[in-house]
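Asks: Before I ask anything, let me first share the structure, which is written out below as structure tokens.
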Amino acid sequence: MATGVPIEFDSVTKRFGDIEAVSELSFSVEPGKVTGFLGPNGAGKTTTLRMLLGLVQPTSGTATIGGSRYAELENPLATVGSALEAASFTPGRTARNHLRVYAQAARLDASLVPAALEKVGLADYADRRVAGYSLGMRQRLGLAFALLGDPGVLVLDEPINGLDPEGIKWIRTFLRELAAEGRTILVSSHLLSEVQQSVDEVVIIAKGRLVHRGDLADLDPAGNQQVVVDSPDREALEAALKAAQLTYTELRGGFLVSGAEAAEVGHVAFAAGVEVSALHKQKSGLEETFLHLVGEGGSL
Amino acid sequence: MNTFIAGLRAEITKLFTTRMWWVLAIVLFAYIALLAGGLGALFGAITTGKITSSGETPHFGTLAPLVYSFATSVGYVFPVLLGALVTTGEFKHQTLTPTFLANPRRSQVLAAKGVASLGVGAVYGVVALVASVGAGAIALTIFGVDTTLGDSDTWALVGRAILAMALWAAIGVGLGVVIPSQVGAIITVLAFTQFVEPLLRLAASFSDATASIGKYLPGAASDGLVGSSFFTISSPGAGVLEWWQGGLVLLAYAVVLTIIGHFISWRRDVT
């Protein structure tokens, strides 16, 4: 395995005609972690990754891997492995031959082909033509291409798309293992919920600009905590909440209390002698923070 | 150079790991065998007087090389199609992405593709000549016409025909990067080879001035390289290039198209 090296974007900009797809984007991705690259569809994620991989020429700025631009890499597939959104296969070629072609082109050892197929669980289907593959199998073959040179850096664009629940679970575990080995892993997604269980850090972009960079935990500030509480006697509960000077809004199924722990809300109800029929923490505020950051009502 | 050799290997593997090359080769073989056998028999019958035509007796020159050269004068469209299909396929199936990830030196990849196509074009040349010489010689033997198979000139023609087919495949690669749309490239190949160029060659043959230009058309140059063609006999006014000139003209078409295509499509962003 090649050692993980950092990925660096230095004020990268890409214009397509009049449209600025990516604007002055700067961030770095460190080895040994899984970094989520998030943003709604059309935010410029794929363009950014393609600039990193030398497929799209930046209008200005540089994107480097371990200090080198992709085109300067001595041994590209053994340094960076990537699986991009558009699955690119010749339908009439088998998975094994597909990988053989690129192993030859990149001067990799032929024995890496069966090894990569084995890693993604395609060994039994390797001699079938890709035309007969399901979307999930194509995703796995894309991943096998990324892993072909046993690279220290992995760049995966929407790797979870098209995978079944079992596949999703598998890829999450797999990415964690790869990061634990010291590799640099950058995974893009338009859904925070898809990656939040497997990433350590996030880079969030919207409309081609960086909007957040940091630990996943930073997205979930403690002050944003919310608790749902309900009682058979709504009026008494509301009076108790009001008396305790808690901020709340009425929901169909009770009250949503902001800025308080579940234990605190439970205590308020107990002290007021109000029977409680439901008391639980509102699910993570991450998604809301994410949507707020990307400035849209949701991802498309 | 090391990465170029690696790229060449990869491009050859690409060519031989789908069904396309042998499907086209089978069609090429059947088509040329049928034509060389059928027309060889017909011309054989006419020259030996087994079929009498009304009016003057047509003159076909030396019959055997004419029949053998069907391999290229008719078959050249197959290596062009193969070259164009494998190149446009990279755009159509978005395999430019893994191709350029494996080797980001794009001009080197394109050069490797052109050189690899020369090889498969030569294979097509062998297939087409086995068909034309095989079926043609059988037909000529039946009518007692000299097959000239013992003649070294015949084998020199076979060698030049294989070279022509190789060059046509490289022209196909060049065409494929100039017209990356697969449908567009196929239509262009068929329209140009089957319709536009024959008409241009015919028109050019009417005056000496145009004939001196017409011989540089790719099909005419190819006939010049091979040294015999049905076409040069049916339009006798057209000038013919020396074999080595014809070969250089074909090579120039391949190189110029490939360089133009490199700037038009190959260097572009892969999105």
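Each chain of the structure tokens is named A, B, ... in the order shown, its residues numbered from 1; ligands are numbered from 1 in display order.
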I need the residues in stretch 177-255 of chain A that are strand (DSSP E or B) according to DSSP; give them as an NGL selection string.

Replies: :A and (184-189 or 201-206 or 209-215 or 226-230 or 247-251 or 254-255)

Asks: Given only C-alpha atoms, how would the per-residue table for chain A near chain B read, listing every residue at most 8 Å away with its closest atom pair and distance in Å to one decimal, sorted by chain and number, as JSON lines?

Replies:
{"residue": "A:Thr47", "atom": "CA", "partner": "B:Thr271", "partner_atom": "CA", "distance": 7.3}
{"residue": "A:Arg50", "atom": "CA", "partner": "B:Thr271", "partner_atom": "CA", "distance": 7.4}
{"residue": "A:Leu53", "atom": "CA", "partner": "B:Leu101", "partner_atom": "CA", "distance": 7.1}
{"residue": "A:Gly54", "atom": "CA", "partner": "B:Pro104", "partner_atom": "CA", "distance": 7.2}
{"residue": "A:Leu55", "atom": "CA", "partner": "B:Val270", "partner_atom": "CA", "distance": 5.2}
{"residue": "A:Val56", "atom": "CA", "partner": "B:Asp269", "partner_atom": "CA", "distance": 4.4}
{"residue": "A:Gln57", "atom": "CA", "partner": "B:Asp269", "partner_atom": "CA", "distance": 6.3}
{"residue": "A:Tyr70", "atom": "CA", "partner": "B:Pro104", "partner_atom": "CA", "distance": 7.5}
{"residue": "A:Ala71", "atom": "CA", "partner": "B:Pro104", "partner_atom": "CA", "distance": 5.3}
{"residue": "A:Pro76", "atom": "CA", "partner": "B:Ala102", "partner_atom": "CA", "distance": 6.5}
{"residue": "A:Leu77", "atom": "CA", "partner": "B:Ala102", "partner_atom": "CA", "distance": 5.9}
{"residue": "A:Ala86", "atom": "CA", "partner": "B:Gln94", "partner_atom": "CA", "distance": 7.7}
{"residue": "A:Ala87", "atom": "CA", "partner": "B:Gln94", "partner_atom": "CA", "distance": 7.8}
{"residue": "A:Ser88", "atom": "CA", "partner": "B:Thr95", "partner_atom": "CA", "distance": 5.0}
{"residue": "A:Phe89", "atom": "CA", "partner": "B:Thr95", "partner_atom": "CA", "distance": 5.9}
{"residue": "A:Thr90", "atom": "CA", "partner": "B:His93", "partner_atom": "CA", "distance": 5.9}
{"residue": "A:Gly92", "atom": "CA", "partner": "B:Thr18", "partner_atom": "CA", "distance": 5.5}
{"residue": "A:Arg93", "atom": "CA", "partner": "B:Thr18", "partner_atom": "CA", "distance": 5.3}
{"residue": "A:Thr94", "atom": "CA", "partner": "B:Thr17", "partner_atom": "CA", "distance": 8.0}
{"residue": "A:Asn97", "atom": "CA", "partner": "B:Thr17", "partner_atom": "CA", "distance": 6.7}
{"residue": "A:Arg100", "atom": "CA", "partner": "B:Ala10", "partner_atom": "CA", "distance": 7.9}
{"residue": "A:Val101", "atom": "CA", "partner": "B:Ala10", "partner_atom": "CA", "distance": 4.9}
{"residue": "A:Tyr102", "atom": "CA", "partner": "B:Ala102", "partner_atom": "CA", "distance": 5.9}
{"residue": "A:Ala103", "atom": "CA", "partner": "B:Ala102", "partner_atom": "CA", "distance": 7.7}
{"residue": "A:Gln104", "atom": "CA", "partner": "B:Ala10", "partner_atom": "CA", "distance": 5.3}
{"residue": "A:Ala105", "atom": "CA", "partner": "B:Gly7", "partner_atom": "CA", "distance": 4.6}
{"residue": "A:Ala106", "atom": "CA", "partner": "B:Ala102", "partner_atom": "CA", "distance": 4.9}
{"residue": "A:Arg107", "atom": "CA", "partner": "B:Ala6", "partner_atom": "CA", "distance": 6.1}

Asks: Considering only C-alpha atoms, return as a compact mmCIF listing (two decimals) with C-alpha atoms, in the first residue's frame whatever protein or nucleic-acid residues lie within 9 Å of stretch 193-195 of chain B, sequence-local ones (same chain, fewer than 6 positions apart) excluded.

Replies:
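Written output follows (around07.txt):
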# COMPACT_ATOMS: atom_id res chain seq x y z
CA TYR B 76 -11.00 -0.55 -46.68
CA VAL B 77 -14.19 0.72 -45.07
CA GLY B 219 -9.29 6.25 -51.72

Asks: Run DSSP on the backbone of this structure and report the residues of stretch 29-211 of chain A it assigns to alpha helix (DSSP H), as number ranges by chain.

Replies: A: 45-52, 76-79, 95-105, 112-119, 135-147, 165-180, 192-195

Asks: State, in Å with one decimal place, the distance from atom CA of B:Val27 to atom CA of B:Ala112.

Replies: 26.4 Å
